[in-house]
$ cat model.txt   # compact mmCIF, C-alpha atoms
# COMPACT_ATOMS: atom_id res chain seq x y z
CA MET Z 29 125.99 95.51 208.40
CA SER Z 30 126.76 98.68 206.54
CA GLU Z 31 124.29 99.95 203.99
CA ARG Z 32 127.03 100.87 201.55
CA LEU Z 33 127.84 98.25 198.95
CA ASN Z 34 131.33 96.88 199.23
CA VAL Z 35 133.50 95.49 196.46
CA LYS Z 36 132.40 91.93 197.06
CA ASP Z 37 128.78 92.90 196.42
CA LEU Z 38 129.71 94.80 193.29
CA ILE Z 39 131.61 91.82 191.91
CA THR Z 40 128.71 89.50 192.68
CA VAL Z 41 126.42 91.86 190.79
CA GLY Z 42 128.78 91.83 187.82
CA ILE Z 43 129.13 88.06 187.68
CA PHE Z 44 125.44 87.33 187.90
CA SER Z 45 124.59 90.01 185.36
CA VAL Z 46 126.91 88.22 182.95
CA ILE Z 47 125.21 84.88 183.56
CA ILE Z 48 121.74 86.28 183.00
CA ILE Z 49 122.80 88.28 179.95
CA VAL Z 50 124.50 85.29 178.34
CA LEU Z 51 121.41 83.17 178.96
CA ILE Z 52 119.19 85.83 177.41
CA PHE Z 53 121.49 86.11 174.41
CA ILE Z 54 121.68 82.37 173.82
CA PHE Z 55 117.92 82.08 173.94
CA GLY Z 56 117.66 85.29 171.95
CA MET Z 57 119.24 83.42 169.06
CA LEU Z 58 115.99 81.48 168.87
CA GLY Z 59 114.42 84.80 167.91
CA TYR Z 60 115.31 84.11 164.31
CA VAL Z 61 112.45 81.70 164.19
CA PRO Z 62 109.73 84.28 163.64
CA ILE Z 63 107.19 83.16 166.15
CA LEU Z 64 109.70 82.72 168.93
CA MET Z 65 110.84 86.33 168.69
CA ILE Z 66 107.56 87.39 170.22
CA ALA Z 67 107.87 84.74 172.90
CA LEU Z 68 111.39 85.79 173.81
CA PRO Z 69 110.46 87.55 177.08
CA ILE Z 70 108.58 84.46 178.19
CA LEU Z 71 111.53 82.20 177.41
CA ALA Z 72 113.88 84.53 179.21
CA ALA Z 73 111.57 84.65 182.20
CA LEU Z 74 111.46 80.88 182.31
CA ILE Z 75 115.20 80.52 182.16
CA CYS Z 76 116.47 83.30 184.40
CA GLY Z 77 114.80 82.15 187.60
CA ILE Z 78 117.60 79.84 188.68
CA PRO Z 79 120.52 82.30 188.52
CA TYR Z 80 118.34 85.04 189.96
CA MET Z 81 117.42 82.99 193.01
CA LEU Z 82 121.04 82.03 193.51
CA PHE Z 83 121.93 85.70 193.21
CA LEU Z 84 119.41 86.57 195.89
CA THR Z 85 121.07 84.27 198.38
CA ARG Z 86 123.99 86.68 198.28
CA VAL Z 87 121.97 89.87 198.47
CA SER Z 88 121.41 91.54 201.77
CA LYS Z 89 121.57 95.22 200.97
CA PHE Z 90 119.33 97.64 199.21
CA GLY Z 91 120.64 98.61 195.80
CA MET Z 92 122.22 95.41 194.55
CA VAL Z 93 119.26 94.31 192.47
CA THR Z 94 118.76 97.84 191.15
CA LEU Z 95 122.39 97.99 190.18
CA MET Z 96 122.14 94.67 188.40
CA GLY Z 97 119.20 96.01 186.40
CA LEU Z 98 121.20 99.07 185.45
CA ILE Z 99 124.23 97.04 184.40
CA MET Z 100 122.10 94.67 182.34
CA GLY Z 101 120.45 97.62 180.67
CA ILE Z 102 123.81 99.14 179.82
CA VAL Z 103 125.11 95.89 178.35
CA MET Z 104 121.89 95.45 176.36
CA PHE Z 105 122.30 98.95 175.01
CA LEU Z 106 125.92 98.39 174.08
CA SER Z 107 125.03 95.19 172.29
CA GLY Z 108 122.62 96.58 169.78
CA HIS Z 109 119.32 97.00 171.53
CA THR Z 110 117.92 100.49 171.94
CA TRP Z 111 118.24 102.68 175.01
CA VAL Z 112 114.82 101.52 176.22
CA PRO Z 113 116.16 98.46 178.13
CA ILE Z 114 118.25 100.72 180.36
CA VAL Z 115 115.11 102.45 181.58
CA THR Z 116 112.87 99.41 181.88
CA PHE Z 117 115.48 97.20 183.51
CA THR Z 118 116.38 99.84 186.07
CA VAL Z 119 112.78 100.66 186.95
CA CYS Z 120 111.73 97.02 187.22
CA ALA Z 121 114.81 96.14 189.23
CA PHE Z 122 114.13 99.05 191.55
CA ILE Z 123 110.58 97.84 192.18
CA ALA Z 124 111.91 94.30 192.69
CA ASP Z 125 114.42 95.69 195.16
CA CYS Z 126 111.66 97.44 197.10
CA ILE Z 127 109.66 94.22 197.24
CA LEU Z 128 112.70 92.37 198.57
CA LYS Z 129 113.26 95.11 201.11
CA MET Z 130 109.72 94.63 202.40
CA GLY Z 131 110.52 90.96 203.02
CA ASN Z 132 113.79 91.97 204.67
CA TYR Z 133 115.75 90.01 202.04
CA SER Z 134 114.86 86.69 203.62
CA SER Z 135 111.27 86.00 202.61
CA ILE Z 136 110.95 83.39 199.88
CA LYS Z 137 107.56 84.69 198.82
CA ASN Z 138 108.89 88.18 198.25
CA ALA Z 139 111.87 86.76 196.38
CA ILE Z 140 109.61 84.92 193.96
CA ILE Z 141 107.42 87.96 193.36
CA SER Z 142 110.48 90.15 192.90
CA HIS Z 143 111.76 87.89 190.13
CA GLY Z 144 108.43 88.25 188.39
CA VAL Z 145 108.78 92.02 188.50
CA PHE Z 146 112.47 92.06 187.68
CA ILE Z 147 112.14 90.00 184.53
CA ILE Z 148 109.46 92.31 183.14
CA GLY Z 149 112.42 94.57 182.44
CA ILE Z 150 113.22 92.42 179.44
CA MET Z 151 110.09 93.76 177.80
CA GLY Z 152 112.26 96.80 177.16
CA ASN Z 153 113.86 94.81 174.36
CA MET Z 154 110.45 94.32 172.79
CA LEU Z 155 108.79 97.67 173.44
CA PRO Z 156 110.39 99.46 170.47
CA PHE Z 157 108.85 96.87 168.17
CA PHE Z 158 105.41 97.77 169.43
CA ILE Z 159 105.79 101.51 169.75
CA LEU Z 160 107.55 102.14 166.47
CA LYS Z 161 105.55 99.44 164.76
CA ASP Z 162 105.29 101.01 161.33
CA ALA Z 163 108.85 102.18 161.05
CA PHE Z 164 110.03 98.85 162.35
CA MET Z 165 107.94 96.89 159.89
CA SER Z 166 109.20 98.76 156.88
CA ALA Z 167 112.76 98.33 158.09
CA MET Z 168 112.14 94.63 158.61
CA ARG Z 169 110.66 94.26 155.17
CA THR Z 170 113.89 95.36 153.57
CA SER Z 171 116.22 93.48 155.87
CA MET Z 172 114.38 90.30 156.79
CA GLY Z 173 112.20 89.77 153.76
CA ASN Z 174 108.45 89.58 153.35
CA ASP Z 175 107.89 86.13 154.80
CA TYR Z 176 109.23 87.04 158.20
CA VAL Z 177 107.17 90.20 158.43
CA ASN Z 178 103.96 88.49 157.40
CA VAL Z 179 104.35 85.98 160.19
CA VAL Z 180 105.27 88.50 162.84
CA ALA Z 181 102.89 91.32 161.92
CA PRO Z 182 99.62 89.99 163.40
CA PHE Z 183 101.28 89.73 166.79
CA LEU Z 184 102.46 93.30 167.00
CA GLN Z 185 99.35 94.70 168.61
CA THR Z 186 98.67 96.45 171.85
CA ASN Z 187 96.60 93.72 173.45
CA VAL Z 188 99.27 91.18 172.63
CA LEU Z 189 101.64 93.43 174.52
CA PHE Z 190 99.49 93.24 177.63
CA VAL Z 191 99.20 89.49 177.32
CA LEU Z 192 102.97 89.33 177.04
CA PHE Z 193 103.41 91.43 180.16
CA VAL Z 194 101.13 89.16 182.16
CA LEU Z 195 102.63 85.95 180.75
CA THR Z 196 106.14 87.16 181.44
CA PHE Z 197 105.21 87.97 185.01
CA ILE Z 198 103.57 84.58 185.54
CA CYS Z 199 106.48 82.71 183.93
CA GLY Z 200 108.81 84.72 186.12
CA LEU Z 201 106.95 83.48 189.19
CA ILE Z 202 107.01 79.88 187.96
CA SER Z 203 110.70 79.92 187.12
CA ALA Z 204 111.57 81.55 190.42
CA TYR Z 205 109.75 78.70 192.13
CA ILE Z 206 111.70 76.21 190.01
CA GLY Z 207 114.80 78.14 190.91
CA LYS Z 208 114.04 77.68 194.55
CA LEU Z 209 113.66 73.92 194.04
CA VAL Z 210 116.89 73.72 192.07
CA LEU Z 211 118.62 75.69 194.76
CA LYS Z 212 117.51 73.13 197.27
CA LYS Z 213 118.48 70.20 195.06
CA HIS Z 214 121.94 71.32 193.99
CA PHE Z 215 123.33 74.30 195.79
CA GLU Z 216 122.30 73.93 199.38
CA ARG Z 217 123.70 70.43 199.33
CA ALA Z 218 126.96 71.74 197.92
CA GLY Z 219 126.97 74.40 200.59
CA ILE Z 220 127.01 77.49 198.43
CA ALA Z 221 123.45 78.75 198.58
CA MET K 24 155.04 92.84 163.33
CA GLY K 25 155.79 94.90 160.30
CA PHE K 26 154.06 98.17 160.83
CA GLU K 27 153.08 98.39 164.43
CA LEU K 28 152.07 102.00 164.78
CA ASN K 29 151.49 102.11 168.50
CA PHE K 30 147.77 101.87 167.99
CA SER K 31 145.78 102.16 171.16
CA ILE K 32 142.47 103.84 171.82
CA ASP K 33 141.20 105.12 175.08
CA PRO K 34 138.53 102.87 176.62
CA ARG K 35 136.17 105.83 176.71
CA THR K 36 136.46 106.21 172.96
CA LYS K 37 135.75 102.51 172.48
CA ILE K 38 132.63 102.76 174.58
CA ILE K 39 131.41 105.89 172.83
CA ILE K 40 131.89 104.25 169.45
CA LEU K 41 130.18 101.11 170.68
CA ALA K 42 127.23 103.19 171.87
CA ILE K 43 127.04 105.06 168.58
CA ILE K 44 127.16 101.87 166.52
CA SER K 45 124.54 100.21 168.67
CA PHE K 46 122.36 103.28 168.29
CA MET K 47 122.63 103.11 164.54
CA VAL K 48 122.14 99.41 163.85
CA PHE K 49 118.54 99.62 164.90
CA ASN K 50 117.47 101.55 161.82
CA ASP K 51 118.30 101.05 158.24
CA VAL K 52 120.66 103.71 157.06
CA PRO K 53 121.95 104.46 153.59
CA MET K 54 125.04 102.65 152.50
CA TYR K 55 127.44 105.55 152.80
CA VAL K 56 126.68 106.05 156.49
CA SER K 57 126.69 102.43 157.56
CA GLY K 58 129.80 101.89 155.47
CA ILE K 59 131.79 104.23 157.67
CA LEU K 60 130.55 102.57 160.82
CA VAL K 61 131.26 99.13 159.47
CA LEU K 62 134.80 100.13 158.71
CA ILE K 63 135.57 101.45 162.19
CA PRO K 64 135.68 98.02 163.89
CA PHE K 65 137.56 96.68 160.88
CA PHE K 66 140.36 99.20 161.24
CA CYS K 67 140.40 98.86 165.01
CA LEU K 68 140.84 95.11 164.71
CA PHE K 69 143.22 95.32 161.80
CA PHE K 70 145.71 97.58 163.50
CA SER K 71 145.78 95.72 166.77
CA ASP K 72 146.95 92.19 166.07
CA TYR K 73 143.57 90.79 165.10
CA LYS K 74 144.17 90.91 161.36
CA LYS K 75 142.60 87.53 160.65
CA ALA K 76 139.41 88.37 162.51
CA ALA K 77 139.25 91.70 160.73
CA VAL K 78 139.54 90.17 157.27
CA ILE K 79 137.00 87.43 158.01
CA TYR K 80 134.64 90.04 159.38
CA ILE K 81 134.81 92.34 156.41
CA LEU K 82 134.42 89.48 153.92
CA THR K 83 131.39 88.10 155.75
CA TYR K 84 129.87 91.53 155.86
CA VAL K 85 130.37 92.20 152.17
CA ILE K 86 128.91 88.82 151.19
CA ALA K 87 125.91 89.32 153.45
CA LYS K 88 125.29 92.82 152.18
CA TYR K 89 125.57 91.61 148.61
CA LEU K 90 123.07 88.85 149.29
CA GLN K 91 120.72 91.26 150.95
CA ILE K 92 120.75 93.71 148.08
CA THR K 93 120.70 91.41 145.09
CA ILE K 94 119.11 88.10 145.95
CA LEU K 95 116.71 88.58 148.82
CA PRO K 96 113.97 90.81 147.40
CA ASN K 97 112.73 88.02 145.14
CA ALA K 98 113.71 84.98 147.13
CA THR K 99 111.11 82.72 148.73
CA GLY K 100 110.95 79.42 150.51
CA ILE K 101 113.11 77.73 153.07
CA LEU K 102 116.39 78.73 151.46
CA ALA K 103 115.33 82.34 151.67
CA ILE K 104 114.77 82.07 155.40
CA VAL K 105 118.23 80.66 155.92
CA LEU K 106 119.77 83.36 153.77
CA ILE K 107 117.73 86.05 155.49
CA THR K 108 118.86 84.85 158.87
CA PHE K 109 122.46 84.89 157.76
CA SER K 110 122.39 88.26 156.08
CA TYR K 111 120.35 89.87 158.82
CA THR K 112 122.69 88.67 161.51
CA ALA K 113 125.74 89.64 159.55
CA THR K 114 124.67 93.11 158.53
CA ARG K 115 122.95 94.11 161.73
CA MET K 116 124.82 92.43 164.50
CA LEU K 117 128.27 91.81 163.09
CA PRO K 118 129.63 95.37 163.33
CA ILE K 119 128.58 95.70 166.91
CA LEU K 120 129.68 92.19 167.79
CA MET K 121 133.12 92.87 166.34
CA MET K 122 133.34 96.20 168.10
CA GLY K 123 132.35 94.51 171.34
CA TYR K 124 134.89 91.75 170.69
CA TYR K 125 137.54 94.37 170.08
CA THR K 126 136.61 96.29 173.21
CA ILE K 127 136.65 93.20 175.36
CA MET K 128 139.85 91.76 173.97
CA THR K 129 141.96 94.89 174.01
CA THR K 130 140.83 96.69 177.13
CA LYS K 131 142.67 95.77 180.26
CA VAL K 132 140.61 96.02 183.39
CA SER K 133 143.00 98.42 185.07
CA GLU K 134 142.98 100.61 181.99
CA PHE K 135 139.21 100.64 181.99
CA ILE K 136 138.95 101.51 185.67
CA ALA K 137 141.57 104.23 185.31
CA SER K 138 139.78 105.90 182.45
CA MET K 139 136.42 105.64 184.14
CA GLU K 140 137.82 107.15 187.30
CA LYS K 141 139.16 109.99 185.27
CA SER K 142 135.70 110.83 184.03
CA ASN K 143 134.24 110.53 187.53
CA VAL K 144 131.98 107.55 186.99
CA PRO K 145 131.10 106.15 190.44
CA LYS K 146 132.74 102.96 191.56
CA ASP K 147 129.38 101.26 191.93
CA ILE K 148 129.07 101.21 188.16
CA THR K 149 132.67 100.77 187.02
CA ILE K 150 133.39 97.65 189.02
CA PRO K 151 130.40 95.58 187.86
CA VAL K 152 130.87 96.73 184.27
CA SER K 153 134.53 95.79 184.31
CA VAL K 154 133.61 92.42 185.78
CA VAL K 155 131.11 92.00 182.96
CA PHE K 156 133.75 92.79 180.35
CA ARG K 157 136.20 90.45 181.91
CA TYR K 158 133.82 87.59 182.59
CA ILE K 159 131.87 87.25 179.33
CA PRO K 160 134.72 85.47 177.47
CA SER K 161 135.25 83.06 180.33
CA VAL K 162 131.58 82.15 180.41
CA PHE K 163 131.78 81.06 176.79
CA GLU K 164 134.95 79.15 177.56
CA GLU K 165 133.08 77.51 180.40
CA ILE K 166 130.22 76.55 178.11
CA ARG K 167 132.66 75.01 175.66
CA SER K 168 134.31 72.87 178.29
CA ILE K 169 130.97 71.81 179.75
CA THR K 170 129.92 70.68 176.28
CA LYS K 171 133.10 68.64 175.99
CA ALA K 172 132.62 67.09 179.40
CA MET K 173 129.05 66.18 178.55
CA LYS K 174 130.09 64.63 175.26
CA MET K 175 132.53 62.45 177.11
CA ARG K 176 129.70 61.12 179.20
CA GLY K 177 127.41 60.65 176.23
CA PHE K 178 125.19 63.72 176.61
CA GLY K 179 126.34 65.61 173.55
CA LEU K 180 124.23 68.19 171.81
CA THR K 181 122.45 65.68 169.62
CA PHE K 182 118.86 65.33 168.52
CA LYS K 183 118.35 62.69 171.16
CA SER K 184 119.37 65.00 173.94
CA LEU K 185 117.23 67.80 172.55
CA LYS K 186 114.21 65.67 173.36
CA SER K 187 114.56 66.58 177.01
CA PRO K 188 115.43 70.27 176.95
CA LEU K 189 114.86 70.74 180.66
CA LYS K 190 117.60 68.27 181.41
CA MET K 191 119.93 70.07 179.03
CA VAL K 192 119.23 73.37 180.73
CA GLU K 193 119.95 71.82 184.09
CA PHE K 194 123.15 70.16 182.92
CA TYR K 195 124.47 73.41 181.51
CA MET K 196 123.21 75.78 184.12
CA ILE K 197 124.36 74.13 187.33
CA PRO K 198 128.10 73.90 186.51
CA ILE K 199 128.10 77.43 185.14
CA LEU K 200 126.45 78.76 188.26
CA ILE K 201 128.73 76.86 190.59
CA SER K 202 131.79 78.14 188.80
CA ALA K 203 130.28 81.64 188.79
CA VAL K 204 129.92 81.58 192.54
CA LYS K 205 133.48 80.35 192.87
CA THR K 206 134.77 83.02 190.50
CA SER K 207 132.99 85.76 192.37
CA ASP K 208 134.58 84.66 195.62
CA GLU K 209 138.01 84.48 194.03
CA LEU K 210 137.62 87.84 192.35
CA SER K 211 136.62 89.53 195.56
CA ALA K 212 139.63 88.06 197.31
CA ALA K 213 141.82 89.30 194.49
CA SER K 214 140.29 92.74 194.58
CA LEU K 215 140.82 92.95 198.33
CA THR K 216 144.51 92.34 197.87
CA ARG K 217 144.61 94.94 195.13
CA GLY K 218 143.01 97.45 197.45
CA LEU K 219 139.94 98.12 195.37
CA SER K 220 137.87 98.54 198.49
CA ASN K 221 140.06 101.33 199.74
CA PRO K 222 137.83 104.41 200.00
CA LYS K 223 140.69 106.79 199.21
CA LYS K 224 141.39 107.93 195.69
CA ARG K 225 143.41 105.41 193.73
CA THR K 226 146.50 106.13 191.76
CA ASN K 227 147.03 104.42 188.46
CA LEU K 228 150.12 103.13 186.78
CA ILE K 229 148.60 103.42 183.35
CA SER K 230 148.02 106.91 182.10
CA VAL K 231 145.01 107.17 179.85
CA GLU K 232 144.75 110.15 177.61
CA PHE K 233 143.10 110.93 174.35
CA ASN K 234 145.60 110.78 171.53
CA LYS K 235 145.25 111.51 167.86
CA PHE K 236 143.58 108.18 167.07
CA ASP K 237 140.91 108.89 169.64
CA TYR K 238 140.12 112.24 168.12
CA LEU K 239 140.14 110.77 164.64
CA PHE K 240 137.75 107.93 165.47
CA LEU K 241 135.50 110.15 167.55
CA ALA K 242 135.31 112.68 164.73
CA ILE K 243 134.45 109.99 162.20
CA SER K 244 131.77 108.38 164.33
CA ILE K 245 130.24 111.70 165.35
CA ALA K 246 130.15 112.75 161.72
CA GLY K 247 128.48 109.41 160.99
CA ILE K 248 125.80 109.94 163.60
CA ALA K 249 125.23 113.50 162.41
CA VAL K 250 124.56 112.27 158.89
CA TYR K 251 122.36 109.54 160.33
CA ILE K 252 120.23 111.97 162.33
CA TYR K 253 120.03 114.26 159.34
CA TYR K 254 118.87 111.33 157.24
CA LEU K 255 116.22 110.29 159.77
CA TYR K 256 114.77 113.68 160.57
CA GLY K 257 115.98 115.96 157.82
CA GLY K 258 114.08 113.96 155.24
CA ALA K 259 110.91 114.37 157.25
CA LEU K 260 111.48 118.08 157.62
CA ILE K 261 111.95 118.61 153.94
CA ALA K 262 108.97 116.52 152.90
$ encode --input "model.txt" --output "C-alpha cells"
Amino acid sequence: MSERLNVKDLITVGIFSVIIIVLIFIFGMLGYVPILMIALPILAALICGIPYMLFLTRVSKFGMVTLMGLIMGIVMFLSGHTWVPIVTFTVCAFIADCILKMGNYSSIKNAIISHGVFIIGIMGNMLPFFILKDAFMSAMRTSMGNDYVNVVAPFLQTNVLFVLFVLTFICGLISAYIGKLVLKKHFERAGIA
Amino acid sequence: MGFELNFSIDPRTKIIILAIISFMVFNDVPMYVSGILVLIPFFCLFFSDYKKAAVIYILTYVIAKYLQITILPNATGILAIVLITFSYTATRMLPILMMGYYTIMTTKVSEFIASMEKSNVPKDITIPVSVVFRYIPSVFEEIRSITKAMKMRGFGLTFKSLKSPLKMVEFYMIPILISAVKTSDELSAASLTRGLSNPKKRTNLISVEFNKFDYLFLAISIAGIAVYIYYLYGGALIA
C-alpha cells in the first residue's frame, strides 16, 4: 500500500466533499429562521455523520481526510463564506486524520471521535459572527432588518460559542454512531461499505 | 446566434472573480462598488448563451435591492420577515450563486485541469476540486429524481411526511450515497482510461491563455476590490 494518494482516492474525496457540502447548504437554508442560524453547526453535525462514516470505509491513507477538509473550506470560501472556514476545516480535518491514524484507520471508536473533531470545522462559518460581532450586527441591521437582529443578538456571546463547540462535538459523536448503524443497516447489506 | 463574439474566459479568471465576489458579499458596500460586481456575472452569463438566466438574475436583483432600500426600514411583522429573507438572499447570495453557476456550467473539466496545471497547482487539489465542480449539478439532479420517485410511492414532500423528519433524511440520504459510491467508482475507471494517474507531465489539447476579456474582467474586479478596501479602511484612517 503506497502512502501516496492515487487518483481513485482523490475522486472519492471530491465526491464525498460534494455530498457533505450539499447537505450543509440545504440545511443552511434553515438559517433564515433566526434561531436556527445559531444552531446550524449542530444540525450539520447531526446530519453529516452518515456520509462521513461511509467515506471512512474508503479511507486507508493519511491525508485523505485532511484534503477533504481543505476542499470543503475552499468551496465554502468560493460560495460566500469568509476565508475562515478554509483554516478551521483544514485544521480540524488534520486533527481528525491524526486520530484516525492512531486507530490505524480501522478502529470504530477512533472513527466516531474523528467525526466529532472534523465537524467542529464548520464552526468556521460561525466564528466571524462572534469575532466581528459589532460590525456584523450593524451590517445585519441594514440588510436583515431589526427583528432578525433582536432575536439573534443575545446569542452572540462568548460563552454561547463554547457551548456551541461542545454541543457540536457531542452531536458529531452521536451522528457518527448513527452513521455506523445506518452503514450496517443499508450499505453492508448492499455490499458497498 | 446573432452576435457571438467568441466570449470565453480562462478558468483562473473565473475563480479569481468568484473569490473576489465572495470576499465582498460579506460586508455591506456602497452601491457603486457592489453594482460593478453584480454586473460581472450578468455580462458573463449574457454573452455565453445563458441570456435568459442573466435577465432573470438582474431583474430579481434590482427588485430585491429596491425592496431593501425603500420598504424594509419601516416594515414589521410576518410579511417583513418574508421580504427580508427574499431580499437578503437575493442581494447577498445571488451574485455569487450566479457566478458559481456560470463557472460550473461553462468550465469544462479538461479546461480547468489544463489551466490549473499551468499555474502549478498540485494534482492533489485540482482533481478533487474538478470533481466537485462536475458533481454538484448531478447531485441536485439526483435529488430531483429521488423526490419524483418518492412521490410516486406516496412519500412526497408534504406536511404529513414532515412529521417524521428522520425518515425523510434516511429516504433522501441513502440513494444519494449509494449513487455517489457508484459514481466515484465509475469516475475512477474513466480517469484511469484517460491516464490521469500517469505521473508524467500531461499534455493538453486545449490551450488556455489569458485574452483581452480576462484582462478586462480582472482589471474591473481588482479595481472593485481596491475601492472596497479603501472604503473599509480608508474611512477609518480619515476619521
$ atom_distance --input "model.txt" --atom1 "CA of Cys67 in chain K" --atom2 "CA of Ser107 in chain Z"
17.4 Å
$ interface_residues --input "model.txt" --of "chain K" --to "chain Z" --cutoff "8 Å" --atoms "all atoms listed in the file" --output "count of residues only"
45
$ closest_residue --input "model.txt" --among "Z:Ile147, Z:Leu155, Z:Ala121, Z:Leu71" --to "Ile54 in chain Z" --atoms "all atoms listed in the file"
Z:Leu71
$ atom_distance --input "model.txt" --atom1 "CA of Thr196 in chain Z" --atom2 "CA of Ile70 in chain Z"
4.9 Å
$ residues_around --input "model.txt" --residues "Leu201 in chain Z" --least-positions-apart "4" --cutoff "8 Å" --atoms "all atoms listed in the file" --output "PyMOL selection string"
chain Z and resi 140-141+143-144+197+205
$ atom_distance --input "model.txt" --atom1 "CA of Ala137 in chain K" --atom2 "CA of Glu232 in chain K"
10.2 Å
$ closest_residue --input "model.txt" --among "K:Gly247, K:Pro118, K:Pro188, K:Gly177" --to "Val61 in chain K" --atoms "only C-alpha atoms"
K:Pro118
$ residues_around --input "model.txt" --residues "Phe194 in chain K" --least-positions-apart "6" --cutoff "10 Å" --atoms "all atoms listed in the file" --output "ChimeraX atom specification"
/K:169-170,173,178,188
$ closest_residue --input "model.txt" --among "K:Thr114, K:Ser187, K:Ser168, K:Ser142" --to "Ile92 in chain K" --atoms "all atoms listed in the file"
K:Thr114
$ residues_around --input "model.txt" --residues "Leu68 in chain K" --least-positions-apart "4" --cutoff "12 Å" --atoms "all atoms listed in the file" --output "list in words"
Phe30, Ser31, Ile32, Lys37, Val61, Leu62, Ile63, Pro64, Asp72, Tyr73, Lys74, Lys75, Ala76, Ala77, Val78, Ile79, Tyr80, Ile81, Pro118, Leu120, Met121, Met122, Gly123, Tyr124, Tyr125, Thr126, Ile127, Met128 and Thr129 of chain K
$ closest_residue --input "model.txt" --among "K:Ser138, K:Ser57, K:Asn227, K:Asn221" --to "Tyr84 in chain K" --atoms "all atoms listed in the file"
K:Ser57
$ residues_around --input "model.txt" --residues "Cys76 in chain Z" --least-positions-apart "6" --cutoff "8 Å" --atoms "all atoms listed in the file" --output "PyMOL selection string"
chain Z and resi 48+51-52+147+200+203-204
$ closest_residue --input "model.txt" --among "Z:Cys199, Z:Leu189, Z:Val87, Z:Ala139" --to "Phe157 in chain Z" --atoms "only C-alpha atoms"
Z:Leu189
